[in-house]
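Visitor: What follows is a single structure, and I will ask about it in a moment.
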Amino acid sequence: MEQTVFVIDDSPTMRQMVAFTLANAGFQVVEAGNGQEALAKLEASPQPALVVTDLNMPGMDGLSLIRELRKLPAMKFVPILILTTESSADKKAEGRSAGATGWIVKPFNPDQFMKVVQKVLPA
Amino acid sequence: MSAGFATMAWGFILGLGLGLGAGVWWVARWGSTSRNTPPLAANHETAQQRAWRQLAADAVPLIPILTRQIEGVMEQTETATLRINTGILAIAARAESQVARIRTLLESLKARPAHPAFPIETLAAATETLTASARELSSDVTRIVMALQFQDITKQQLQHVVTPLEQLQASIEALVRGDGLEDDKASNLLQALHQSYTMESERAVMAHSLTGQAAPSAETGSTDGDREGHVTLFAL
């Protein structure tokens with residue numbers, strides 16, 4: 001059975017690139033334009049095996065989304081990757097304390113991205 | 001080309017922002033001086049003060065025009081990038097599916113009894129060539145996907161110009177209305193600008209500009225921390 005990955009980014013081009021990369025590797029992808037949309041879609045979608053989220057988005061940002069997700073028992077241990085242009089150590093620390101599993105600075109390399117995905121997904 | 005455009009646009013906009021910022025600072029100083037000046041003296045506005053007042057009045061309608069122009073560029077590049085991206089990804093998907101179909105066909109032919117007139121080896125060799133081409137195409141797509149992300153990055157950089165311009169507009173409007181500004185308002189704008197930045201290259205451009213140094217290029221402006229695809233894993 002295909003694993004589901006949630007991809008959250010306010011940029012449609014970024015969502016498209018990440019979704020294509022994941023779909024090519026056999027994942028089912030659910031896209032959302034911000035945190036609120038992602039939470040709404042979570043109720044109607046299969047349990048995600050992984051969440052990939054941008055940081056700065058209108059509505060609910062990436063950090064708030066991660067905090068909300070970590071409150072849900074089913075999402076407590078699901079890996080969450082932040083994919084962002086932000087690279088400051090302070091923001092990374094915020095991401096870590098919010099519950100992120102990893103941080104990737106844009107632009108991403110699809111091959112390298114998939115290696116990270118395989119690394120964080122439970123075997 | 002994209003980096004050149006971004007650098008030029010960034011240089012122009014930064015110059016404009018700093019120029020207007022200096023104007024706001026001066027008008028703020030002037031407003032503060034006016035508030036502390038006896039009413040009689042306020043009537044003796046100098047030519048320079050009148051010029052600054054006029055500049056502030058002109059800047060109010062000017063800034064929304066500039067921000068709309070920038071937003072227009074952002075929308076157009078996003079639409080264009082989305083179209084290019086869709087086309088490229090569709091080509092890659094089609095190529096992959098065609099190669100998969102040929103491979104399936106080849107396997108089914110191999111499973112049948114060999115016919116002397118049918119050049120199965122030639123077909124197998126052609127399939128291998130096609131597979132290698134598809135692999136090359138996939139690498140090309142990877143490079144294109146990397147390159148097209150410039151649009152998202154440029155859009156964010158431009159948004160980091162639009163937002164402070166709008167803040168600047170609000171400050172100038174307050175001055176024109178006669179509300180005045182606190183003396184530290186100009187430095188607050190700079191602080192807000194710095195806090196809005198998400199890329200090391202943006203912070204580097206600001207730091208260099210404030211110290212009067214030449215702005216670093218997009219390449220030299222980035223640091224080890226924001227190099228492409230830099231990965232940090234927190235816990236496994």
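To be explicit about the labels: the chains of the structure tokens are called A, B, and onward in the order shown, and within each one the residues are counted from 1, while ligands get numbers from 1 in the order they are shown.
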Within 10 Å of chain A, which residues of chain B show up? Give each one with its shortest atom-to-atom distance in Å (one decimal) and the two atoms involved, counting only C-alpha atoms, rows by chain then rising residue number, as CSV.
Guide:
residue,atom,partner,partner_atom,distance
B:Glu78,CA,A:Thr13,CA,7.3
B:Thr79,CA,A:Thr13,CA,8.8
B:Ala80,CA,A:Thr13,CA,9.9
B:Thr81,CA,A:Thr13,CA,7.0
B:Leu82,CA,A:Thr13,CA,5.4
B:Arg83,CA,A:Thr13,CA,9.0
B:Ile84,CA,A:Thr13,CA,9.7
B:Asn85,CA,A:Thr13,CA,7.2
B:Thr86,CA,A:Gln16,CA,8.0
B:Leu89,CA,A:Phe20,CA,7.5
B:Ala90,CA,A:Phe20,CA,9.8
B:Ala93,CA,A:Asn24,CA,8.5
B:Glu96,CA,A:Asn24,CA,9.9
B:Ser139,CA,A:Asp111,CA,9.3
B:Val141,CA,A:Pro110,CA,9.6
B:Thr142,CA,A:Pro110,CA,6.2
B:Arg143,CA,A:Asn109,CA,8.0
B:Val145,CA,A:Met17,CA,6.7
B:Met146,CA,A:Asn109,CA,6.0
B:Ala147,CA,A:Pro107,CA,8.1
B:Leu148,CA,A:Thr13,CA,8.4
B:Gln149,CA,A:Pro107,CA,5.8
B:Phe150,CA,A:Pro107,CA,7.5
B:Gln151,CA,A:Thr13,CA,8.3
B:Asp152,CA,A:Ser11,CA,6.7
B:Ile153,CA,A:Thr85,CA,7.1
B:Lys155,CA,A:Ser11,CA,9.3
B:Gln156,CA,A:Thr85,CA,8.7
B:Tyr197,CA,A:Glu86,CA,8.3
B:Thr198,CA,A:Glu86,CA,4.5
B:Met199,CA,A:Glu86,CA,5.3
B:Glu200,CA,A:Ser87,CA,6.8
B:Thr223,CA,A:Ser87,CA,9.4
B:Asp224,CA,A:Ser87,CA,9.5
B:Gly225,CA,A:Ser87,CA,5.9
B:Asp226,CA,A:Ser87,CA,5.3
B:Arg227,CA,A:Val105,CA,7.2
B:Glu228,CA,A:Pro107,CA,5.3
B:Gly229,CA,A:Phe108,CA,4.4
B:His230,CA,A:Val105,CA,5.2
B:Val231,CA,A:Ile104,CA,4.5
B:Thr232,CA,A:Trp103,CA,5.0
B:Leu233,CA,A:Gly102,CA,4.1
B:Phe234,CA,A:Gly102,CA,5.3
B:Ala235,CA,A:Thr101,CA,5.7
B:Leu236,CA,A:Val120,CA,6.6
Visitor: Just the number, please: distance in Å from atom CA of Ala59 of chain B to atom CA of Glu173 of chain B, one decimal.
Guide: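 One can read the atom CA of Ala59 of chain B to atom CA of Glu173 of chain B distance as 8.8 Å.
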Visitor: Could you please write out, as a PyMOL selection string, every residue of segment 5-83 of chain A that DSSP assigns to strand (DSSP E)?
Guide: chain A and resi 5-8+28-32+48-53+80-83
Visitor: Using only C-alpha atoms, which residue out of B:Ala111, B:Ser171, B:Ile91, B:Ala117 lies closest to Ala134 of chain B?
Guide: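 Ranking B:Ala111, B:Ser171, B:Ile91, B:Ala117 by distance to Ala134 of chain B, first place goes to B:Ile91.
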Visitor: Which residues, written as a list in words, have at least one atom at most 12 Å from Ala192 of chain B, with only C-alpha atoms counted and residues fewer than 3 positions away on the same chain left out?
Guide: His160, Val161, Thr163, Pro164, Leu165, Glu166, Gln167, Leu168, Lys185, Ala186, Ser187, Asn188, Leu189, Gln195, Ser196 and Tyr197 of chain B
Visitor: Could you take the residues named above and write them with N, CA and C atoms, as a CSV table (one decimal), in the first residue's frame?
Guide:
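Result written to part.csv:
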chain,number,residue,atom,x,y,z
B,160,HIS,N,9.7,40.6,0.6
B,160,HIS,CA,10.4,41.3,1.7
B,160,HIS,C,10.7,42.7,1.3
B,161,VAL,N,10.5,43.1,0.1
B,161,VAL,CA,10.6,44.5,-0.3
B,161,VAL,C,9.2,45.2,-0.2
B,163,THR,N,6.6,44.4,1.7
B,163,THR,CA,6.1,44.6,3.1
B,163,THR,C,6.7,45.9,3.7
B,164,PRO,N,8.0,46.0,3.7
B,164,PRO,CA,8.6,47.3,4.3
B,164,PRO,C,8.2,48.5,3.5
B,165,LEU,N,8.0,48.4,2.2
B,165,LEU,CA,7.5,49.6,1.5
B,165,LEU,C,6.1,50.0,2.0
B,166,GLU,N,5.3,49.0,2.3
B,166,GLU,CA,3.9,49.3,2.8
B,166,GLU,C,4.1,50.0,4.2
B,167,GLN,N,5.0,49.5,5.0
B,167,GLN,CA,5.2,50.1,6.3
B,167,GLN,C,5.7,51.5,6.2
B,168,LEU,N,6.6,51.7,5.2
B,168,LEU,CA,7.1,53.0,4.9
B,168,LEU,C,6.0,54.0,4.5
B,185,LYS,N,11.4,55.8,15.1
B,185,LYS,CA,10.5,55.0,14.1
B,185,LYS,C,11.4,54.5,12.9
B,186,ALA,N,12.3,55.4,12.5
B,186,ALA,CA,13.1,55.0,11.3
B,186,ALA,C,13.9,53.7,11.6
B,187,SER,N,14.5,53.7,12.9
B,187,SER,CA,15.3,52.5,13.2
B,187,SER,C,14.4,51.3,13.4
B,188,ASN,N,13.1,51.6,13.8
B,188,ASN,CA,12.2,50.4,14.0
B,188,ASN,C,11.9,49.8,12.6
B,189,LEU,N,11.8,50.7,11.6
B,189,LEU,CA,11.6,50.2,10.2
B,189,LEU,C,12.8,49.3,9.8
B,195,GLN,N,14.2,41.7,10.6
B,195,GLN,CA,13.4,40.6,11.2
B,195,GLN,C,12.6,39.8,10.1
B,196,SER,N,12.2,40.6,9.1
B,196,SER,CA,11.4,39.9,8.0
B,196,SER,C,12.2,39.0,7.1
B,197,TYR,N,13.5,39.2,7.1
B,197,TYR,CA,14.4,38.4,6.2
B,197,TYR,C,14.5,37.0,6.7
Visitor: Using only C-alpha atoms, find the one residue out of A:Gln47, A:Asp54, A:Ala98, A:Ala40 that sits nearest to Arg67 of chain A.
Guide: A:Ala98
Visitor: What lies within 10 Å of Gln28 of chain A using only C-alpha atoms, ignoring chain neighbours under 4 positions off, as a list in words?
Guide: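 Within the cut-off, the hits are Met1, Glu2, Gln3, Thr4, Val5, Phe6, Ala19, Leu22, Ala23, Asn24, Pro46, Pro48 and Ala49 of chain A.
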Visitor: Could you write out that same residue set with C-alpha atoms as a short mmCIF file (atom, residue, chain, number, x, y, z; two decimals), in the first residue's frame?
Guide:
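Result file follows (again07.cif):
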data_model
loop_
_atom_site.label_atom_id
_atom_site.label_comp_id
_atom_site.auth_asym_id
_atom_site.auth_seq_id
_atom_site.Cartn_x
_atom_site.Cartn_y
_atom_site.Cartn_z
CA MET A 1 0.00 0.00 0.00
CA GLU A 2 1.23 3.47 -0.91
CA GLN A 3 2.37 5.66 1.95
CA THR A 4 0.85 9.12 2.15
CA VAL A 5 2.95 12.28 2.44
CA PHE A 6 1.50 15.69 3.26
CA ALA A 19 4.77 16.31 -5.00
CA LEU A 22 7.52 12.04 -4.02
CA ALA A 23 4.96 10.63 -6.45
CA ASN A 24 7.81 9.40 -8.67
CA PRO A 46 -5.13 8.47 5.23
CA PRO A 48 0.44 10.39 6.68
CA ALA A 49 3.76 8.61 6.95
#
